[in-house]
file entry_29.cif (mmCIF, C-alpha atoms)
data_entry
#
loop_
_atom_site.label_atom_id
_atom_site.label_comp_id
_atom_site.auth_asym_id
_atom_site.auth_seq_id
_atom_site.Cartn_x
_atom_site.Cartn_y
_atom_site.Cartn_z
CA MET A 1 -27.06 -4.48 6.90
CA ILE A 2 -24.80 -6.81 8.86
CA LYS A 3 -22.28 -5.62 11.41
CA VAL A 4 -18.93 -7.18 10.53
CA GLY A 5 -16.71 -5.28 12.96
CA ARG A 6 -15.22 -1.96 13.96
CA ILE A 7 -12.32 0.12 12.74
CA GLY A 8 -9.34 -1.03 14.77
CA GLU A 9 -6.65 1.08 13.10
CA ILE A 10 -6.34 3.78 10.44
CA TRP A 11 -3.10 4.21 8.50
CA ARG A 12 -1.96 6.60 5.82
CA TYR A 13 1.32 6.59 3.91
CA PRO A 14 2.25 10.15 2.94
CA VAL A 15 5.28 8.97 0.94
CA LYS A 16 4.72 6.12 -1.50
CA GLY A 17 6.67 3.03 -0.42
CA MET A 18 7.51 4.21 3.10
CA ALA A 19 5.97 3.08 6.36
CA GLY A 20 3.14 5.35 7.40
CA GLU A 21 1.47 7.02 10.34
CA ARG A 22 -1.31 5.67 12.54
CA LEU A 23 -4.30 7.99 13.00
CA GLU A 24 -7.31 8.17 15.27
CA ASP A 25 -9.49 9.73 12.57
CA CYS A 26 -9.18 11.08 9.04
CA ALA A 27 -11.23 12.55 6.22
CA LEU A 28 -11.93 10.03 3.47
CA GLY A 29 -12.87 11.05 -0.07
CA GLU A 30 -12.63 9.77 -3.62
CA ARG A 31 -8.84 10.26 -3.47
CA GLY A 32 -8.61 8.09 -0.36
CA LEU A 33 -7.52 9.21 3.08
CA GLU A 34 -6.50 12.84 3.25
CA GLY A 35 -2.70 13.03 2.98
CA ASP A 36 -2.21 9.48 1.69
CA ARG A 37 0.43 8.96 -1.05
CA ILE A 38 1.01 12.65 -1.73
CA TRP A 39 4.79 12.34 -2.25
CA ALA A 40 7.01 9.75 -3.93
CA LEU A 41 10.66 9.09 -4.67
CA ARG A 42 11.66 9.47 -8.33
CA ASP A 43 14.69 7.76 -9.81
CA GLU A 44 16.42 10.43 -11.87
CA ALA A 45 18.26 8.11 -14.27
CA ARG A 46 15.17 6.06 -15.06
CA GLU A 47 12.91 9.14 -14.80
CA GLU A 48 10.43 6.95 -12.94
CA VAL A 49 8.47 7.06 -9.68
CA GLN A 50 9.61 4.32 -7.31
CA SER A 51 7.87 2.16 -4.69
CA CYS A 52 8.82 -0.39 -2.03
CA LYS A 53 8.46 -3.07 -4.72
CA THR A 54 11.48 -1.65 -6.53
CA ARG A 55 13.21 0.17 -3.64
CA PRO A 56 12.58 -1.99 -0.54
CA ASP A 57 14.85 0.14 1.66
CA LEU A 58 12.12 2.78 1.58
CA LEU A 59 10.23 0.61 4.08
CA ARG A 60 12.95 1.28 6.64
CA CYS A 61 11.76 4.91 6.68
CA SER A 62 8.42 6.21 7.90
CA ALA A 63 6.63 9.37 6.86
CA ARG A 64 3.99 11.60 8.36
CA CYS A 65 2.18 14.71 7.23
CA ARG A 66 3.67 17.79 8.83
CA PRO A 67 1.36 19.10 11.57
CA GLY A 68 -0.42 22.27 10.54
CA GLY A 69 -0.99 21.22 6.95
CA GLY A 70 0.64 22.86 3.94
CA GLY A 71 1.29 19.59 2.14
CA GLU A 72 4.83 19.04 3.43
CA VAL A 73 5.84 15.74 5.00
CA GLU A 74 8.48 14.58 7.47
CA VAL A 75 10.61 11.48 6.92
CA ARG A 76 12.11 9.46 9.77
CA PHE A 77 15.26 7.61 8.65
CA PRO A 78 16.49 4.28 10.02
CA ASP A 79 18.96 6.07 12.32
CA GLY A 80 16.09 8.03 13.92
CA SER A 81 16.87 11.36 12.28
CA VAL A 82 13.98 13.32 10.78
CA LEU A 83 14.03 15.56 7.72
CA GLY A 84 11.23 17.53 6.13
CA SER A 85 10.35 17.31 2.45
CA ASP A 86 11.55 20.90 2.16
CA SER A 87 14.99 20.11 3.61
CA ALA A 88 18.00 20.78 1.38
CA GLU A 89 19.43 17.41 2.47
CA ILE A 90 16.44 15.15 1.85
CA ASP A 91 17.28 14.08 -1.71
CA GLU A 92 20.90 13.30 -0.86
CA ARG A 93 19.88 11.22 2.18
CA LEU A 94 17.24 9.26 0.28
CA SER A 95 19.58 8.68 -2.67
CA ALA A 96 22.17 7.22 -0.30
CA LEU A 97 19.52 5.01 1.30
CA VAL A 98 18.30 3.43 -1.94
CA GLY A 99 21.63 3.53 -3.76
CA ARG A 100 20.30 5.56 -6.71
CA ALA A 101 20.23 9.27 -7.51
CA SER A 102 16.66 10.18 -6.57
CA THR A 103 14.48 13.13 -5.66
CA LEU A 104 11.45 13.38 -3.39
CA GLN A 105 8.59 14.70 -5.49
CA ALA A 106 5.10 15.93 -4.66
CA LEU A 107 2.03 14.71 -6.50
CA ARG A 108 1.48 16.32 -9.90
CA PRO A 109 -1.66 16.77 -12.02
CA ALA A 110 -2.83 13.97 -14.31
CA SER A 111 -2.06 16.23 -17.28
CA ASP A 112 1.67 15.77 -16.51
CA SER A 113 1.48 12.15 -17.68
CA ALA A 114 5.22 11.98 -18.46
CA PHE A 115 5.95 12.30 -14.74
CA TYR A 116 4.16 8.98 -14.12
CA ARG A 117 5.65 7.23 -17.16
CA ARG A 118 6.95 3.68 -16.74
CA TYR A 119 10.61 3.10 -17.61
CA LYS A 120 10.71 0.83 -20.66
CA PRO A 121 14.15 0.14 -22.14
CA ASP A 122 12.51 -2.31 -24.55
CA ALA A 123 9.22 -4.08 -25.19
CA HIS A 124 9.76 -6.99 -22.80
CA SER A 125 12.15 -6.31 -19.92
CA TRP A 126 9.79 -3.95 -18.09
CA LEU A 127 7.22 -6.72 -17.68
CA GLU A 128 9.90 -9.18 -16.56
CA GLU A 129 11.08 -6.60 -14.03
CA LEU A 130 7.54 -6.15 -12.74
CA ALA A 131 7.02 -9.90 -12.45
CA ALA A 132 10.26 -10.22 -10.49
CA THR A 133 8.92 -7.93 -7.74
CA PHE A 134 6.35 -10.62 -6.85
CA GLU A 135 9.22 -12.95 -5.89
CA ARG A 136 7.51 -16.19 -6.83
CA GLU A 137 9.25 -19.53 -6.54
CA PRO A 138 9.14 -22.07 -9.39
CA GLY A 139 5.61 -23.38 -9.84
CA GLU A 140 3.93 -20.55 -7.92
CA PRO A 141 1.34 -18.49 -9.81
CA LEU A 142 1.65 -14.82 -10.68
CA PRO A 143 -1.14 -12.26 -10.96
CA ALA A 144 -2.36 -11.78 -14.54
CA LEU A 145 0.19 -9.14 -15.48
CA ASP A 146 -0.74 -9.44 -19.14
CA GLN A 147 -4.14 -8.03 -18.17
CA LEU A 148 -2.94 -4.80 -16.59
CA PRO A 149 -5.40 -1.89 -16.87
CA GLU A 150 -4.44 0.34 -19.79
CA PRO A 151 -3.04 3.25 -17.71
CA LEU A 152 -0.60 0.90 -15.95
CA VAL A 153 0.92 -0.47 -19.12
CA ASP A 154 2.65 2.84 -19.73
CA HIS A 155 2.57 4.35 -16.21
CA VAL A 156 3.71 3.15 -12.78
CA SER A 157 0.60 4.62 -11.17
CA VAL A 158 -2.66 6.09 -12.35
CA PRO A 159 -1.68 9.58 -13.62
CA GLY A 160 -2.66 12.23 -11.10
CA SER A 161 -2.09 9.83 -8.20
CA PHE A 162 0.56 7.60 -6.67
CA PHE A 163 -1.90 4.71 -6.39
CA VAL A 164 -1.49 1.62 -8.54
CA VAL A 165 -5.02 0.22 -8.40
CA THR A 166 -7.42 2.04 -6.06
CA THR A 167 -7.14 4.67 -3.36
CA LEU A 168 -8.02 2.43 -0.43
CA HIS A 169 -6.89 -0.87 1.04
CA LEU A 170 -8.90 -2.80 3.66
CA LEU A 171 -7.73 -5.69 5.83
CA THR A 172 -9.45 -7.69 8.57
CA THR A 173 -8.11 -9.21 11.76
CA ALA A 174 -9.96 -12.40 10.78
CA SER A 175 -7.63 -12.83 7.80
CA LEU A 176 -4.53 -12.26 9.91
CA ARG A 177 -5.72 -14.77 12.53
CA HIS A 178 -6.50 -17.30 9.81
CA LEU A 179 -3.05 -17.00 8.24
CA LYS A 180 -1.30 -17.11 11.60
CA GLY A 181 -3.18 -20.31 12.37
CA LEU A 182 -1.82 -21.84 9.17
CA HIS A 183 1.75 -20.76 9.89
CA PRO A 184 2.15 -19.79 13.58
CA GLY A 185 5.90 -19.34 13.33
CA ALA A 186 5.75 -16.54 10.75
CA ASP A 187 5.55 -12.84 11.57
CA TRP A 188 2.06 -11.65 10.58
CA ASP A 189 2.46 -8.05 11.70
CA ARG A 190 -0.41 -6.17 10.04
CA ARG A 191 1.93 -3.37 8.98
CA ARG A 192 3.51 -5.68 6.41
CA PHE A 193 0.27 -5.47 4.41
CA ARG A 194 0.01 -1.66 4.53
CA PRO A 195 -3.74 -1.38 5.16
CA ASN A 196 -5.48 1.98 5.25
CA VAL A 197 -8.20 0.53 7.44
CA LEU A 198 -7.73 -2.49 9.69
CA ILE A 199 -11.14 -3.90 10.62
CA GLU A 200 -11.49 -5.69 13.97
CA THR A 201 -13.95 -8.35 12.94
CA GLU A 202 -16.91 -9.57 14.98
CA PRO A 203 -16.58 -12.82 16.95
CA GLY A 204 -17.49 -15.79 14.80
CA LEU A 205 -16.17 -14.32 11.56
CA GLU A 206 -13.32 -16.55 10.47
CA GLY A 207 -11.09 -17.02 7.46
CA LEU A 208 -10.33 -14.60 4.65
CA VAL A 209 -13.69 -12.92 5.18
CA GLU A 210 -13.14 -9.74 3.16
CA GLN A 211 -12.68 -11.78 -0.01
CA ASP A 212 -16.44 -12.43 0.14
CA TRP A 213 -17.14 -8.67 0.25
CA ILE A 214 -15.95 -7.94 -3.30
CA GLY A 215 -18.74 -6.22 -5.21
CA ARG A 216 -20.48 -5.21 -1.98
CA ARG A 217 -20.52 -2.01 0.04
CA LEU A 218 -19.42 -1.17 3.56
CA ARG A 219 -21.02 1.55 5.63
CA ILE A 220 -18.81 3.27 8.23
CA GLY A 221 -20.67 6.13 9.87
CA ASP A 222 -21.62 8.46 7.02
CA VAL A 223 -19.03 6.91 4.68
CA SER A 224 -19.85 4.33 2.02
CA LEU A 225 -17.12 2.16 0.48
CA GLU A 226 -17.23 -0.45 -2.24
CA CYS A 227 -14.91 -3.46 -2.16
CA VAL A 228 -13.77 -3.72 -5.77
CA GLY A 229 -11.01 -6.31 -5.98
CA THR A 230 -8.53 -8.65 -4.37
CA THR A 231 -5.02 -7.58 -3.37
CA PRO A 232 -2.33 -9.83 -4.90
CA ARG A 233 0.80 -9.85 -2.75
CA CYS A 234 4.39 -9.27 -3.81
CA GLY A 235 7.77 -9.48 -2.11
CA ALA A 236 7.21 -6.22 -0.23
CA ILE A 237 5.32 -8.05 2.54
CA THR A 238 8.47 -10.02 3.38
CA ARG A 239 10.69 -6.97 3.92
CA ALA A 240 12.11 -5.72 7.19
CA GLN A 241 10.72 -2.53 8.63
CA ALA A 242 11.80 -0.46 11.61
CA ASP A 243 10.20 -2.74 14.23
CA PHE A 244 10.47 -6.19 12.66
CA ASP A 245 12.76 -8.33 10.55
CA ALA A 246 12.36 -9.84 7.10
CA ASP A 247 10.28 -13.01 6.86
CA THR A 248 10.00 -14.71 3.47
CA ALA A 249 7.84 -17.53 4.85
CA ILE A 250 4.71 -15.39 4.91
CA LEU A 251 4.71 -14.96 1.13
CA ARG A 252 4.89 -18.70 0.59
CA THR A 253 1.85 -19.14 2.87
CA VAL A 254 -0.10 -16.34 1.16
CA VAL A 255 0.51 -17.77 -2.31
CA ARG A 256 -0.30 -21.33 -1.26
CA GLU A 257 -3.18 -20.80 1.19
CA ALA A 258 -4.79 -17.48 0.20
CA ASP A 259 -4.71 -17.60 -3.61
CA GLN A 260 -2.02 -14.85 -3.48
CA ASN A 261 -4.42 -12.32 -1.88
CA VAL A 262 -4.61 -10.68 1.53
CA GLY A 263 -7.02 -7.78 1.98
CA VAL A 264 -9.17 -6.06 -0.62
CA TYR A 265 -9.10 -2.86 -2.63
CA GLY A 266 -11.80 -0.29 -1.98
CA GLU A 267 -13.22 2.86 -3.52
CA THR A 268 -15.10 5.63 -1.75
CA ARG A 269 -18.71 6.01 -2.87
CA LEU A 270 -19.79 8.51 -0.20
CA ALA A 271 -17.17 10.72 1.43
CA GLY A 272 -16.95 11.60 5.10
CA ARG A 273 -14.77 11.03 8.13
CA VAL A 274 -13.71 7.70 9.59
CA ARG A 275 -12.68 7.14 13.20
CA VAL A 276 -11.15 4.33 15.20
CA GLY A 277 -14.03 2.49 16.86
CA ASP A 278 -16.57 3.21 14.12
CA GLU A 279 -18.88 0.29 13.36
CA VAL A 280 -18.39 -1.38 9.97
CA LEU A 281 -21.61 -2.59 8.35
CA LEU A 282 -21.84 -4.81 5.28
CA ASP A 283 -24.65 -3.96 2.87
#
call {"tool": "encode", "arguments": {"input": "entry_29.cif", "output": "structure tokens"}}
result
Amino acid sequence: MIKVGRIGEIWRYPVKGMAGERLEDCALGERGLEGDRIWALRDEAREEVQSCKTRPDLLRCSARCRPGGGGEVEVRFPDGSVLGSDSAEIDERLSALVGRASTLQALRPASDSAFYRRYKPDAHSWLEELAATFEREPGEPLPALDQLPEPLVDHVSVPGSFFVVTTLHLLTTASLRHLKGLHPGADWDRRRFRPNVLIETEPGLEGLVEQDWIGRRLRIGDVSLECVGTTPRCGAITRAQADFDADTAILRTVVREADQNVGVYGETRLAGRVRVGDEVLLD
């Protein structure tokens, strides 16, 4: 096994589409980090779960799991106010934020497949709407949207979860340094890319190193992860969040210089607990 770095940061996103909370350690299982993507905003007219792709103002909020457990979350709004998921005002405040009548909903079982159903007014416009979220300029490539996995043709996330592809996203500091070197004037804040685990790579590792890990496993303490795919980037990475402004230049660089991808998707093969500072070994 080869040491490729250490865990520099751990992030979970209790509400789909919102900024998340930074942790020192967390349990990691087949459903990802404990408490990750356990709530989501649902558009009541469309009867559809929303994300920061479709409701970018969600990124101006951050969410954290309420201390003490119980499954409730707390949302910090752009004005600094905080409301719990059990607050009588939360739906009204979020609806005003995104400009659509919406409700904050907890995760439901996979058997309730209608809850995860994609809004499809006709046979074509839903795919055009999805393509538009990637915000490509003329001549720039799109991911292969005509090859979506079967569950995602009819659902906005895998039923039983609020994840679109896998339950884990990994990003390295080597990739961020590489992209910053290509476009120093852009804002490469790692939070734009919403990693669950940011890996501080070993000296000498350069470039988009995690792209070479696809199909291989990482060992972090007692945890085993498999890197299963690239992470195509959409317009969400350009959006403003609480601590930084919008920057559309980074998407142009990612599409042109990184084959659209920054970071990789992962799946847990052996559950356990991950901690900041843990060594990351490549099998």
call {"tool": "closest_residue", "arguments": {"input": "entry_29.cif", "among": "A:Glu137, A:Glu47, A:Asp36, A:Glu210", "to": "Gly20 (chain A)", "atoms": "only C-alpha atoms"}}
result
A:Asp36
call {"tool": "resolve_selection", "arguments": {"input": "entry_29.cif", "expression": "the PyMOL selection byres ((chain A and resi 51-61) around 10)", "output": "VMD selection string"}}
result
chain A and resid 15 to 20 40 to 43 48 to 50 62 to 63 75 to 82 94 97 to 100 129 to 130 132 to 135 156 162 192 234 to 244
call {"tool": "residues_around", "arguments": {"input": "entry_29.cif", "residues": "Gly84 (chain A)", "least_positions_apart": "2", "cutoff": "8 Å", "atoms": "only C-alpha atoms", "output": "list in words"}}
result
Glu72, Val73, Glu74, Val75, Val82, Asp86, Ser87 and Ile90 of chain A
call {"tool": "closest_residue", "arguments": {"input": "entry_29.cif", "among": "A:Leu218, A:Ala249, A:Leu205, A:Val228", "to": "Leu182 (chain A)", "atoms": "all atoms listed in the file"}}
result
A:Ala249
call {"tool": "resolve_selection", "arguments": {"input": "entry_29.cif", "expression": "the PyMOL selection byres ((chain A and resi 203) around 10)", "output": "list of chain:residue names"}}
result
A:Val4, A:Gly5, A:Ala174, A:Glu200, A:Thr201, A:Glu202, A:Gly204, A:Leu205, A:Glu206
call {"tool": "write_last_selection", "arguments": {"input": "entry_29.cif", "atoms": "C-alpha atoms", "output": "compact mmCIF listing (two decimals), in the coordinates of the input"}}
result
# COMPACT_ATOMS: atom_id res chain seq x y z
CA VAL A 4 -18.93 -7.18 10.53
CA GLY A 5 -16.71 -5.28 12.96
CA ALA A 174 -9.96 -12.40 10.78
CA GLU A 200 -11.49 -5.69 13.97
CA THR A 201 -13.95 -8.35 12.94
CA GLU A 202 -16.91 -9.57 14.98
CA GLY A 204 -17.49 -15.79 14.80
CA LEU A 205 -16.17 -14.32 11.56
CA GLU A 206 -13.32 -16.55 10.47
call {"tool": "atom_distance", "arguments": {"input": "entry_29.cif", "atom1": "CA of Pro159 (chain A)", "atom2": "CA of Pro121 (chain A)"}}
result
20.3 Å
call {"tool": "closest_residue", "arguments": {"input": "entry_29.cif", "among": "A:Thr231, A:Ser125, A:Thr166, A:Ser95", "to": "Val254 (chain A)", "atoms": "only C-alpha atoms"}}
result
A:Thr231
call {"tool": "resolve_selection", "arguments": {"input": "entry_29.cif", "expression": "the PyMOL selection byres ((chain A and resi 10) around 7)", "output": "PDB file with C-alpha atoms, keeping the file's coordinate frame"}}
result
ATOM      1  CA  GLU A   9      -6.650   1.080  13.100  1.00  0.00           C
ATOM      2  CA  TRP A  11      -3.100   4.210   8.500  1.00  0.00           C
ATOM      3  CA  ARG A  12      -1.960   6.600   5.820  1.00  0.00           C
ATOM      4  CA  ARG A  22      -1.310   5.670  12.540  1.00  0.00           C
ATOM      5  CA  LEU A  23      -4.300   7.990  13.000  1.00  0.00           C
ATOM      6  CA  GLU A  24      -7.310   8.170  15.270  1.00  0.00           C
ATOM      7  CA  ASN A 196      -5.480   1.980   5.250  1.00  0.00           C
ATOM      8  CA  VAL A 197      -8.200   0.530   7.440  1.00  0.00           C
ATOM      9  CA  LEU A 198      -7.730  -2.490   9.690  1.00  0.00           C
ATOM     10  CA  VAL A 276     -11.150   4.330  15.200  1.00  0.00           C
TER      11      VAL A 276
END
call {"tool": "closest_residue", "arguments": {"input": "entry_29.cif", "among": "A:Arg108, A:Glu44, A:Cys65, A:Leu148", "to": "Asp91 (chain A)", "atoms": "only C-alpha atoms"}}
result
A:Glu44
call {"tool": "closest_residue", "arguments": {"input": "entry_29.cif", "among": "A:Leu281, A:Ile199, A:Leu33, A:Ile250", "to": "Gly8 (chain A)", "atoms": "only C-alpha atoms"}}
result
A:Ile199
call {"tool": "residues_near_point", "arguments": {"input": "entry_29.cif", "point": "(-4.1, -12.7, -13.8)", "cutoff": "12 Å", "atoms": "all atoms listed in the file", "output": "VMD selection string"}}
result
chain A and resid 131 141 to 149 230 to 232 259 to 261
call {"tool": "atom_distance", "arguments": {"input": "entry_29.cif", "atom1": "CA of Asp154 (chain A)", "atom2": "CA of Gly263 (chain A)"}}
result
26.0 Å
call {"tool": "closest_residue", "arguments": {"input": "entry_29.cif", "among": "A:Gly221, A:Gly229, A:Pro138, A:Pro151", "to": "Gly277 (chain A)", "atoms": "all atoms listed in the file"}}
result
A:Gly221
call {"tool": "atom_distance", "arguments": {"input": "entry_29.cif", "atom1": "CA of Asp222 (chain A)", "atom2": "CA of His169 (chain A)"}}
result
18.4 Å
call {"tool": "residues_around", "arguments": {"input": "entry_29.cif", "residues": "Glu257 (chain A)", "least_positions_apart": "5", "cutoff": "12 Å", "atoms": "only C-alpha atoms", "output": "list in words"}}
result
Glu140, Ser175, His178, Leu179, Lys180, Gly181, Leu182, His183, Gly207, Leu208, Ile250, Leu251, Arg252 and Val262 of chain A
call {"tool": "build_atoms", "arguments": {"input": "entry_29.cif", "residues": "region 106-126 of chain A", "atoms": "N, CA, C and O atoms", "output": "mmCIF file, in the frame of the given file"}}
result
data_model
loop_
_atom_site.group_PDB
_atom_site.id
_atom_site.type_symbol
_atom_site.label_atom_id
_atom_site.label_comp_id
_atom_site.auth_asym_id
_atom_site.auth_seq_id
_atom_site.Cartn_x
_atom_site.Cartn_y
_atom_site.Cartn_z
ATOM 1 N N ALA A 106 6.510 15.840 -5.022
ATOM 2 C CA ALA A 106 5.100 15.930 -4.660
ATOM 3 C C ALA A 106 4.227 15.483 -5.818
ATOM 4 O O ALA A 106 4.657 15.479 -6.980
ATOM 5 N N LEU A 107 3.009 15.121 -5.496
ATOM 6 C CA LEU A 107 2.030 14.710 -6.500
ATOM 7 C C LEU A 107 1.846 15.794 -7.551
ATOM 8 O O LEU A 107 1.839 16.987 -7.234
ATOM 9 N N ARG A 108 1.701 15.375 -8.800
ATOM 10 C CA ARG A 108 1.480 16.320 -9.900
ATOM 11 C C ARG A 108 0.136 16.028 -10.566
ATOM 12 O O ARG A 108 -0.420 14.941 -10.411
ATOM 13 N N PRO A 109 -0.368 16.981 -11.347
ATOM 14 C CA PRO A 109 -1.660 16.770 -12.020
ATOM 15 C C PRO A 109 -1.597 15.624 -13.023
ATOM 16 O O PRO A 109 -0.534 15.286 -13.546
ATOM 17 N N ALA A 110 -2.753 15.050 -13.329
ATOM 18 C CA ALA A 110 -2.830 13.970 -14.310
ATOM 19 C C ALA A 110 -2.361 14.429 -15.683
ATOM 20 O O ALA A 110 -1.879 13.614 -16.488
ATOM 21 N N SER A 111 -2.481 15.714 -15.978
ATOM 22 C CA SER A 111 -2.060 16.230 -17.280
ATOM 23 C C SER A 111 -0.551 16.086 -17.497
ATOM 24 O O SER A 111 -0.081 16.053 -18.639
ATOM 25 N N ASP A 112 0.224 15.972 -16.403
ATOM 26 C CA ASP A 112 1.670 15.770 -16.510
ATOM 27 C C ASP A 112 1.937 14.268 -16.580
ATOM 28 O O ASP A 112 2.603 13.681 -15.720
ATOM 29 N N SER A 113 1.428 13.617 -17.605
ATOM 30 C CA SER A 113 1.480 12.150 -17.680
ATOM 31 C C SER A 113 2.910 11.635 -17.777
ATOM 32 O O SER A 113 3.194 10.509 -17.343
ATOM 33 N N ALA A 114 3.828 12.424 -18.333
ATOM 34 C CA ALA A 114 5.220 11.980 -18.460
ATOM 35 C C ALA A 114 5.850 11.737 -17.098
ATOM 36 O O ALA A 114 6.734 10.883 -16.957
ATOM 37 N N PHE A 115 5.416 12.467 -16.084
ATOM 38 C CA PHE A 115 5.950 12.300 -14.740
ATOM 39 C C PHE A 115 5.678 10.897 -14.211
ATOM 40 O O PHE A 115 6.460 10.348 -13.436
ATOM 41 N N TYR A 116 4.579 10.300 -14.612
ATOM 42 C CA TYR A 116 4.160 8.980 -14.120
ATOM 43 C C TYR A 116 4.575 7.855 -15.072
ATOM 44 O O TYR A 116 4.227 6.704 -14.849
ATOM 45 N N ARG A 117 5.324 8.187 -16.110
ATOM 46 C CA ARG A 117 5.650 7.230 -17.160
ATOM 47 C C ARG A 117 6.492 6.075 -16.625
ATOM 48 O O ARG A 117 7.387 6.263 -15.809
ATOM 49 N N ARG A 118 6.187 4.873 -17.093
ATOM 50 C CA ARG A 118 6.950 3.680 -16.740
ATOM 51 C C ARG A 118 8.238 3.632 -17.555
ATOM 52 O O ARG A 118 8.236 3.925 -18.757
ATOM 53 N N TYR A 119 9.328 3.239 -16.911
ATOM 54 C CA TYR A 119 10.610 3.100 -17.610
ATOM 55 C C TYR A 119 10.565 1.824 -18.446
ATOM 56 O O TYR A 119 10.368 0.724 -17.938
ATOM 57 N N LYS A 120 10.760 1.972 -19.753
ATOM 58 C CA LYS A 120 10.710 0.830 -20.660
ATOM 59 C C LYS A 120 11.904 0.852 -21.608
ATOM 60 O O LYS A 120 11.847 1.473 -22.671
ATOM 61 N N PRO A 121 12.985 0.175 -21.233
ATOM 62 C CA PRO A 121 14.150 0.140 -22.140
ATOM 63 C C PRO A 121 13.875 -0.623 -23.419
ATOM 64 O O PRO A 121 14.510 -0.402 -24.435
ATOM 65 N N ASP A 122 12.915 -1.570 -23.356
ATOM 66 C CA ASP A 122 12.510 -2.310 -24.550
ATOM 67 C C ASP A 122 11.104 -2.845 -24.312
ATOM 68 O O ASP A 122 10.480 -2.568 -23.292
ATOM 69 N N ALA A 123 10.616 -3.642 -25.236
ATOM 70 C CA ALA A 123 9.220 -4.080 -25.190
ATOM 71 C C ALA A 123 8.940 -5.166 -24.167
ATOM 72 O O ALA A 123 7.787 -5.423 -23.841
ATOM 73 N N HIS A 124 9.987 -5.819 -23.637
ATOM 74 C CA HIS A 124 9.760 -6.990 -22.800
ATOM 75 C C HIS A 124 10.319 -6.877 -21.389
ATOM 76 O O HIS A 124 9.696 -7.373 -20.444
ATOM 77 N N SER A 125 11.472 -6.250 -21.222
ATOM 78 C CA SER A 125 12.150 -6.310 -19.920
ATOM 79 C C SER A 125 11.365 -5.629 -18.807
ATOM 80 O O SER A 125 11.467 -6.022 -17.642
ATOM 81 N N TRP A 126 10.548 -4.618 -19.138
ATOM 82 C CA TRP A 126 9.790 -3.950 -18.090
ATOM 83 C C TRP A 126 8.790 -4.901 -17.440
ATOM 84 O O TRP A 126 8.588 -4.869 -16.220
#
